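A.B. asks: My questions all concern the structure below.
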Amino acid sequence: MKAYGVVLLLLLIHSPLFLPEFSTTAVAISFDNEDDKQGLLAFKGNFDNASPVFSSWNESSHYCMWRGVYCCSRNLQRVCTLELPSSGLVGSISPYIGNLSYLRRIDLSDNKLYGIIPSSISHLYRLQNINLTNNFLSGTIPENLDNCSQLVNLSLSNNQFYGKLPSWLGSFRKLEFLNLGVNSFTGNIPLSITNLSSLHEFYVANNDLSGSIPSGLGQISQIQIINLGENDFSGVIPESIFNLTYISNLGLHMNNFRGHLPRDIGHPPLKSPAIAPSYKSANRRNSSIALECFIYSKV
């Protein structure tokens with residue numbers, strides 16, 4: 001049967017009608033990867049099975065056909081994407097997710113996940129996108145997550161994470177989007193953040209971060225959005241931030257900065273401050289600040 005499956009698969013691949021979407025159909029005939037299959041079943045086992053998303057997760061179909069599971073176009077029996085946002089999931093993330101060694105994208109946003117991010121996620125060195133926003137996850141960022149050196153997007157906002165931001169966050173040279181907002185992180189922004197040369201968007205608003213803004217943040221030439229609002233930052237805002245070429249949104253509201261703001265911010269300058277009604281002052285303790293609110297955006 002396996003030999004027949006290989007022949008059929010080769011025929012499909014060399015056929016002019018072969019398209020990527022046929023890959024899972026061909027695989028379903030005889031191909032399985034036991035690690036991926038067991039990893040998915042263990043992942044399912046940590047949640048309330050009443051969720052309708054799991055109605056297709058059974059032996060009657062190949063796991064590449066299960067809702068939210070997408071297999072690779074080249075390694076046809078390996079899972080590349082696990083995408084279950086807004087799926088009513090209640091439970092914790094199984095450590096067996098580390099079995100899915102070809103995984104490139106995880107999106108479990110807008111569910112009711114709790115517990116920690118399992119350390120086994122650091123085994124997924126092909127990962128490019130992690131989106132766990134809007135859940136009830138807690139704990140610290142897994143220590144070995146820097147093994148996932150291909151990360152382009154790391155989104156952990158609107159959870160209950162705590163602890164200091166690890167210095168190895170600056171090792172993700174391909175990272176374009178970093179959102180750690182609305183958590184309980186403490187301490188300073190690590191200086192290593194300034195090594196993220198590909199970074200476009202940086203959000204750490206609504207935490208308990210303190211200290212000064214690293215001047216090197218203004219040297220990340222591609223950055224477009226910086227939101228550091230509603231923390232406990234202090235000191236003078238580095239002038240380099242105001243000279244960023246592509247900056248389109250700058251949120252520094254509700255901190256303890258001192259000094260004055262330049263008349264023009266960005267190249268071309270941000271047109272006008274976007275004043276949010278709930279922000280009465282840009283600075284909790286210092287009244288010498290030049291504008292009422294540090295939220296700027298291009299119009």
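Letters for chains follow the order of the structure tokens (A, B, ...), residue numbers begin at 1 for each chain, and ligand numbers begin at 1 in the order shown.
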Pick out the residues sitting within 8 Å of Phe161 (chain A), and hand them over as an MDAnalysis selection string; count only C-alpha atoms, and ignore anything fewer than 2 positions along from it in its own chain.

C.D. replies: chainID A and resid 137:141 159 163 183:185

A.B. asks: Produce a file of the selected residues containing C-alpha atoms, as a PDB file, in the first residue's frame.

C.D. replies:
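Produced file part-v1.pdb, reproduced below:
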ATOM      1  CA  LEU A 137      -1.411  32.754  29.753  1.00  0.00           C
ATOM      2  CA  SER A 138       1.046  33.506  32.545  1.00  0.00           C
ATOM      3  CA  GLY A 139       4.596  32.853  33.676  1.00  0.00           C
ATOM      4  CA  THR A 140       7.741  34.102  32.012  1.00  0.00           C
ATOM      5  CA  ILE A 141       8.838  33.936  28.390  1.00  0.00           C
ATOM      6  CA  ASN A 159      -2.046  37.982  28.773  1.00  0.00           C
ATOM      7  CA  GLY A 163       9.212  38.915  34.888  1.00  0.00           C
ATOM      8  CA  ASN A 183       1.058  42.125  30.589  1.00  0.00           C
ATOM      9  CA  SER A 184       2.968  42.529  33.862  1.00  0.00           C
ATOM     10  CA  PHE A 185       6.569  42.655  32.677  1.00  0.00           C
TER      11      PHE A 185
END

A.B. asks: Excluding same-chain residues fewer than 3 positions from Ser122 (chain A), what lies within 6 Å of it counting only C-alpha atoms, as a PDB file with C-alpha atoms, in the first residue's frame?

C.D. replies:
ATOM      1  CA  SER A 119       9.450  25.083  27.194  1.00  0.00           C
ATOM      2  CA  ASN A 144      15.188  28.802  25.376  1.00  0.00           C
ATOM      3  CA  LEU A 145      12.851  30.544  22.968  1.00  0.00           C
ATOM      4  CA  ASN A 147      16.446  28.729  19.692  1.00  0.00           C
TER       5      ASN A 147
END

A.B. asks: Using CA of Gly170 (chain A) and CA of Ile213 (chain A) as the two end points, give the distance in Å to one decimal.

C.D. replies: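 CA of Ile213 (chain A) lies 15.0 Å from CA of Gly170 (chain A).
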
A.B. asks: Which residues are near Leu108 (chain A)? Cut-off 6 Å, only C-alpha atoms, ignore same chain within fewer than 2 positions. Put them as a PyMOL selection string.

C.D. replies: chain A and resi 84-85+132

A.B. asks: Going by DSSP on the backbone, which residues of region 124-190 of chain A come out as strand (DSSP E or B)? List them as a ChimeraX atom specification.

C.D. replies: /A:129-131,136-139,153-155,160-164,177-179,184-187

A.B. asks: How would you write, as a ChimeraX atom specification, the set of residues in region 89-244 of chain A that DSSP gives as alpha helix (DSSP H)?

C.D. replies: /A:239-242

A.B. asks: For Lys174 (chain A), please output as a list in words all residues within 7 Å (counting only C-alpha atoms; exclusion window: fewer than 6 positions along the same chain).

C.D. replies: Gln150, Leu151, Val152 and Ser198 of chain A

A.B. asks: At a cut-off of 10 Å, using only C-alpha atoms, what residues contact region 47-60 of chain A? Leave out same-chain residues fewer than 2 positions from it and give the result as a PyMOL selection string.

C.D. replies: chain A and resi 40-45+62-69+84+86-94+112-113

A.B. asks: For a test of reading the model, state the distance in Å between CA of Gln224 (chain A) and CA of Asn153 (chain A), rounded to one decimal.

C.D. replies: 14.9 Å

A.B. asks: With only C-alpha atoms as the atoms that count, which of A:Asn111, A:Asn129, A:Asn256, A:Ser248 lies nearest to Leu178 (chain A)?

C.D. replies: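 Once distances to Leu178 (chain A) are computed over only C-alpha atoms, the minimum belongs to A:Asn129.
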
A.B. asks: Just give me the gap between CA of Ile241 (chain A) and CA of Gly216 (chain A) in Å, one decimal is fine.

C.D. replies: 8.7 Å

A.B. asks: Given the choices A:Lys164, A:His260, A:Arg173, A:Arg78, which gets closest to Asp35 (chain A) if the distance is worked out from only C-alpha atoms?

C.D. replies: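 Selected residue with least distance to Asp35 (chain A): A:Arg78.
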
A.B. asks: Check the smallest atom-to-atom distance from each of A:Tyr125, A:Tyr203, A:Tyr114, A:Phe233 to Gly251 (chain A) using only C-alpha atoms, then report the winner.

C.D. replies: A:Tyr203

A.B. asks: Quick one: residues within 9 Å of Gly181 (chain A), only C-alpha atoms counted, chain neighbours fewer than 5 positions away excluded, as a list in words?

C.D. replies: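 Those residues are Ser155, Leu156, Ser157, Asn158, Asn159, Tyr203, Val204, Ala205, Asn206, Asn207, Asn227 and Leu228 of chain A.
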
A.B. asks: Which residues come within 6 Å of Ser234 (chain A), counting only C-alpha atoms, excluding same-chain residues fewer than 6 positions away, as a PyMOL selection string?

C.D. replies: chain A and resi 211-212+256-257
